[in-house]
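J.: Can you read through this structure? Questions will come right after.
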Amino acid sequence: MNYQYDALASSVRLKDITSCSRNRAVLHRIKNSDPGLTCLSMLDEPEDEDEFIVREGDDLGWLGYFIGRNEKLKYLSVCYLPGDRERGVKFFFGMQRNKSIKGVDICNHLNESLSVMNLPHVTSMSFECQLEGEYAHYFALGLRRCTSLKEYSGQLTAGIVESLTTLPILEKVHVWKNGGLAISREECMALRELLANANKLNHLDLSDVGLGDDGVKLLVEGLACS
């Protein structure tokens with residue numbers, strides 16, 4: 001897909017692929033690898049000057065493409081992407097070329113476009129959403145390709161744990177759950193599997209969840225197998 005953008009990159013006009021002058025200015029800085037822009041947030045409402053506010057007129061394929069070519073960005077926060085699967089897929093396909101971004105924070109449920117997430121150079125990922133069913137599955141598929149990941153913060157499901165245990169240098173996991181609620185027995189069993197099979201894991205943070213007696217028992221079983 002990127003080769004189609006390569007052919008048009010020199011002639012595309014930023015005003016034709018953005019919804020407003022604010023986004024046009026941010027995209028110009030991304031396109032030119034502005035050294036002053038190392039952190040980028042994607043939102044649906046403006047807060048600070050250096051944010052990209054996603055609206056209907058923004059071509060997310062081009063946004064992903066220019067992020068993919070950028071050499072100065074270090075951190076990306078995706079707080080909003082529209083529910084349109086095609087736009088999300090184009091965004092993730094475009095940005096997979098990027099080698100400079102090391103930290104990614106996703107604060108939006110997104111959709112099945114998560115399954116094409118391919119970020120092999122990212123070392124830290126935070127996923128601050130509670131996913132269920134097929135959406136957790138989509139995220140787990142994308143997570144498996146984050147082969148340089150050292151730190152993960154987010155929920156645990158059987159599928160997510162299966163992906164995490166394939167990551168060769170994962171060292172730290174922070175288990176997160178909305179509202180600090182107690183994790184379920186199924187989540188505790190996933191945690192046990194993580195402890196038993198993530199060979200490089202040396203730091204586990206459970207400060208934002210409750211365990212309960214069953215959770216403690218399963219945790220001890222996982223530690224015994226690690």
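Simple scheme: letters A, B, ... for chains in structure tokens order, numbers from 1 for residues in each chain, numbers from 1 for ligands in the order shown.
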As a PyMOL selection string, please: every residue in region 100-200 of chain A that a backbone DSSP assignment puts in alpha helix (DSSP H).
T.: chain A and resi 133-143+158-164+185-197
J.: Run DSSP on the backbone and tell me which residues of region 109-175 of chain A come out as strand (DSSP E); list them as an NGL selection string.
T.: :A and (124-127 or 151-154 or 172-175)
J.: Keeping only N, CA, C and O atoms, write those residues as a tab-separated table (two decimals), in the first residue's frame.
T.:
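The result, stored in out35.tsv:
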```
chain	number	residue	atom	x	y	z
A	124	SER	N	7.94	0.51	24.24
A	124	SER	CA	7.01	0.67	25.36
A	124	SER	C	5.61	0.94	24.84
A	124	SER	O	5.42	1.81	23.98
A	125	MET	N	4.62	0.20	25.34
A	125	MET	CA	3.24	0.39	24.90
A	125	MET	C	2.30	0.40	26.10
A	125	MET	O	2.38	-0.46	26.98
A	126	SER	N	1.41	1.40	26.08
A	126	SER	CA	0.36	1.49	27.09
A	126	SER	C	-0.99	1.45	26.39
A	126	SER	O	-1.21	2.19	25.43
A	127	PHE	N	-1.86	0.57	26.85
A	127	PHE	CA	-3.18	0.43	26.25
A	127	PHE	C	-4.22	0.63	27.34
A	127	PHE	O	-4.50	-0.28	28.11
A	151	GLU	N	8.31	-2.99	27.57
A	151	GLU	CA	7.36	-2.62	28.62
A	151	GLU	C	5.94	-2.60	28.06
A	151	GLU	O	5.70	-2.03	27.00
A	152	TYR	N	5.03	-3.21	28.80
A	152	TYR	CA	3.62	-3.22	28.40
A	152	TYR	C	2.77	-2.84	29.60
A	152	TYR	O	2.95	-3.36	30.70
A	153	SER	N	1.80	-1.94	29.36
A	153	SER	CA	0.83	-1.57	30.38
A	153	SER	C	-0.56	-1.71	29.80
A	153	SER	O	-0.87	-1.12	28.76
A	154	GLY	N	-1.41	-2.52	30.43
A	154	GLY	CA	-2.75	-2.71	29.91
A	154	GLY	C	-3.41	-3.92	30.53
A	154	GLY	O	-2.91	-4.52	31.49
A	172	LYS	N	8.93	-5.73	31.51
A	172	LYS	CA	8.06	-5.12	32.51
A	172	LYS	C	6.61	-5.16	32.05
A	172	LYS	O	6.32	-4.86	30.89
A	173	VAL	N	5.71	-5.50	32.97
A	173	VAL	CA	4.28	-5.51	32.68
A	173	VAL	C	3.55	-4.81	33.83
A	173	VAL	O	3.77	-5.14	35.01
A	174	HIS	N	2.71	-3.88	33.46
A	174	HIS	CA	1.85	-3.19	34.42
A	174	HIS	C	0.42	-3.58	34.07
A	174	HIS	O	-0.08	-3.24	32.99
A	175	VAL	N	-0.24	-4.30	34.94
A	175	VAL	CA	-1.60	-4.76	34.68
A	175	VAL	C	-2.57	-3.64	35.05
A	175	VAL	O	-2.56	-3.14	36.19
```
J.: Of the residues A:Met189, A:Val89, A:Leu204, A:Leu114, which is the one nearest to Leu170 (chain A), using only C-alpha atoms?
T.: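 Counting only C-alpha atoms, the residue closest to Leu170 (chain A) is A:Leu204.
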J.: Give the answer as one residue: which of A:Pro82, A:Glu51, A:Lys15, A:Tyr5 has the shortest atom-to-atom distance to Gly64 (chain A), using only C-alpha atoms?
T.: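 Distance minimum relative to Gly64 (chain A) lands on A:Tyr5.
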J.: Using CA of Leu119 (chain A) and CA of Cys146 (chain A) as the two end points, give the distance in Å to one decimal.
T.: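 Rounded to one decimal, the two atoms are 5.1 Å apart.
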J.: Measure the distance from CA of Asp48 (chain A) to CA of Leu149 (chain A) in Å and round it to one decimal.
T.: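 Here the two named atoms are 28.4 Å from each other.
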